[in-house]
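All remarks here apply to the structure that follows.
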Amino acid sequence: MSEHPVGRRRLLPAALAVALVIVLIVPVGSAAPARSSGSLRWVPDSTAANAQVQATVTWNGQNISHASSAGSGFDLGYGTNIDIRFYWSAPATSAPVPVETARLQMFFMGLGIATRDVRQDHPAGATNGTIDLAWSGAGILAYLIEGTYQVTASLLDGNSTSLWSENFYVKMTAPGEIFALVPIVLLVLGVYELVSLARSGRREASREKPPKPGQGASPGPEGATSSGASPGAKESVPTTGKGGSP
Amino acid sequence: MSALTTGAGAGAVLGLVFVLLAQQLSLIVVIDLGTAMVYLVVGIILGAVIGGALGSLLGRRYRSRHLSSSGPTSPAPPVSP
C-alpha cells in the first residue's frame with residue numbers, strides 16, 4: 001500500500017525528464033522566429049538553370065566562416081539585432097541560377113528548432129545577387145534555451161533544393177545570462193534527484209523496518225497495533241525520520 | 001522501492017540531466033541526432049549504474065548505522081539469523 005505514493009513520487013521527475021527531452025528533441029519551429037520578408041535586392045535574369053552557386057554570408061558584417069567552430073560562434077542574445085546578408089554568384093562559365101530562398105536554420109542535437117527564410121516572390125535566373133535577412137534576436141528561444149548551436153545558411157531554388165549551404169555556430173545567451181527555462185528546470189531536477197539519491201538509504205530503511213519486539217510473526221493489518229501493542233517500540237521509530245508511519 | 005532501484009532511477013534521471021545541462025552550458029556541442037542519442041543513452045546507463053551502486057551503498061550504510069544506533073535502545077537484539 002505504501003509503495004504507490006513512493007512510486008508516483010519517483011515517476012514525477014522521470015516523467016518530467018522525459019517530457020523535457022521530448023520538448024528539446026521535437027522541433028519547435030513554431031516557437032522560432034517566423035518567416036518574414038526582409039529587404040531583398042535581386043538582379044534578375046531571364047534564363048533559369050541549376051548550376052552551382054558561390055556565396056558569402058555575413059553576420060553583422062563578419063563572414064560566417066569566422067564562426068566555423070563551436071568555440072568561435074557568434075553571440076546570439078536576447079534582443080540582439082542581427083543583419084545577415086547573402087552575397088551569391090554563379091560561376092562565370094555557368095548559366096544563371098534560380099535562387100529563390102535564403103534560409104537560416106538552427107539545429108539542436110541534429111534537429112531543426114528554428115528556421116528563417118527570405119523568399120523572392122518572382123524568382124528568375126540570375127548570375128549574382130544579394131539577399132538581406134534581418135533577424136531581431138532569437139525571440140522566444142532566448143527564454144527557453146541557451147548554449148552553442150549549429151546554424152546552416154543555405155540558398156534554395158524553387159523546389160527547395162539546396163544550391164549552396166554553409167554551417168556555422170552561434171552561442172545563445174539567455175536574458176541575464178541565466179534566465180532560460182530549460183537550464184533552470186534541469187538544475188532543479190538535478191538537485192531534486194541528488195536529494196532523492198542521498199535519501200535512498202533512509203527510504204529503504206523506513207520501508208523495511210526491523211521487526212519490533214512486541215510483534216510476532218504476523219503483523220497486524222491495522223495501525224492500531226503500533227499504538228496499543230508496544231508503546232516502547234514506538235519510541236525508536238522517530239530516529240528514522242519525522243514522518244515514519246503516520 | 002529498494003535503495004538500489006531508487007538510486008538507479010535517480011541516477012538515470014541525473015545522467016540525462018547532466019547531458020542536457022552540459023549541452024545548455026556549452027560544455028558539449030552535439031551536432032547530429034545520432035551522437036545526441038548516444039550521449040543520452042550513455043548518460044542514462046552510466047547514471048543508473050552509478051546511482052544504483054550509490055543507492056545500494058547508502059542503503060546498507062544507513063541500515064547498519066540505524067540498526068547499530070537503535071540496538072541499545074531496543075530491548076531485544078534486532079537481527080535474528
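Quick note on naming: the chains in the C-alpha cells go A, B, ... in the order shown, residues restart at 1 in each chain, and ligands are numbered from 1 in order of appearance.
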
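Excluding Gly11 in chain B and any residue on its chain fewer than 2 positions from it, the residues at most 6 Å away by only C-alpha atoms are Gly7, Ala8, Gly9, Val13, Leu14, Gly15, Gly47, Ala48 and Gly51 of chain B.
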
Note to self: as a ChimeraX atom specification, please: the residues near Ile82 in chain A (cut-off 8 Å, only C-alpha atoms, same-chain neighbours under 2 positions excluded).
What the structure shows: /A:59-60,80,84,134-137

Once you count only C-alpha atoms, what closest atom pair and distance in Å to one decimal does each residue of chain B within 6 Å of chain A have, with rows by chain and rising residue number, as a tab-separated table?
```
residue	atom	partner	partner_atom	distance
B:Ser2	CA	A:Glu204	CA	5.3
B:Ala3	CA	A:Ser200	CA	4.9
B:Thr6	CA	A:Ser200	CA	5.9
B:Gly7	CA	A:Leu197	CA	5.1
B:Ala10	CA	A:Glu193	CA	5.2
B:Leu14	CA	A:Gly190	CA	5.8
B:Val17	CA	A:Leu186	CA	5.9
B:Gln24	CA	A:Gly147	CA	4.4
B:Leu25	CA	A:Gly147	CA	5.3
B:Ser26	CA	A:Gly147	CA	4.8
B:Val30	CA	A:Met109	CA	5.2
B:Ile31	CA	A:Gly110	CA	5.1
B:Asp32	CA	A:Gly110	CA	3.7
B:Leu33	CA	A:Gly110	CA	4.4
B:Ala36	CA	A:Met109	CA	5.6
B:Gly55	CA	A:Ser200	CA	5.8
B:Leu58	CA	A:Gly201	CA	4.8
B:Gly59	CA	A:Gly201	CA	3.4
B:Tyr62	CA	A:Gly201	CA	5.6
B:Arg63	CA	A:Ala205	CA	5.8
```

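Here CA of Ala102 in chain A is placed at a distance of 11.4 Å from CA of Thr161 in chain A.
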
Residues at most 9 Å from range 87-93 of chain A, counting only C-alpha atoms, excluding those fewer than 2 positions away in the same chain, as an mmCIF file with C-alpha atoms, in the first residue's frame?
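Output below, filename part_20.cif:
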```cif
data_model
loop_
_atom_site.group_PDB
_atom_site.id
_atom_site.type_symbol
_atom_site.label_atom_id
_atom_site.label_comp_id
_atom_site.auth_asym_id
_atom_site.auth_seq_id
_atom_site.Cartn_x
_atom_site.Cartn_y
_atom_site.Cartn_z
ATOM 1 C CA ALA A 51 24.159 25.487 -61.536
ATOM 2 C CA GLN A 52 26.464 25.597 -58.601
ATOM 3 C CA VAL A 53 26.440 28.773 -56.589
ATOM 4 C CA GLN A 54 29.260 30.509 -54.838
ATOM 5 C CA ALA A 55 28.163 32.525 -51.869
ATOM 6 C CA THR A 56 29.386 34.537 -48.941
ATOM 7 C CA VAL A 57 27.253 35.237 -45.900
ATOM 8 C CA THR A 58 27.984 37.948 -43.375
ATOM 9 C CA ARG A 85 23.493 39.255 -45.797
ATOM 10 C CA ALA A 95 24.146 29.658 -66.746
ATOM 11 C CA PRO A 96 22.072 31.913 -64.457
ATOM 12 C CA VAL A 97 20.813 30.331 -61.266
ATOM 13 C CA ALA A 126 20.398 35.476 -62.274
ATOM 14 C CA THR A 127 24.131 35.371 -62.191
ATOM 15 C CA ASN A 128 24.522 37.134 -58.860
ATOM 16 C CA GLY A 129 22.537 38.758 -56.115
ATOM 17 C CA THR A 130 22.343 39.985 -52.579
ATOM 18 C CA ILE A 131 19.733 38.939 -50.031
ATOM 19 C CA ASP A 132 19.276 40.688 -46.702
ATOM 20 C CA LEU A 155 20.327 29.127 -50.723
#
```

Checklist line | 9 Å contact set for Leu40 in chain B, only C-alpha atoms, chain neighbours under 2 positions out, as JSON, numbers by chain | finding: {"B": [15, 16, 19, 20, 35, 36, 37, 38, 42, 43, 44, 45]}

Next item on the list: Between CA of Ser72 in chain A and CA of Thr101 in chain A, measure the distance and give it in Å to one decimal.
Entry: 26.8 Å

Item checked: Which of chain B fall in helix (DSSP H, G or I), as an MDAnalysis selection string -> chainID B and resid 3:24 33:70

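Going from CA of Phe179 in chain A to CA of Tyr143 in chain A covers 6.7 Å.
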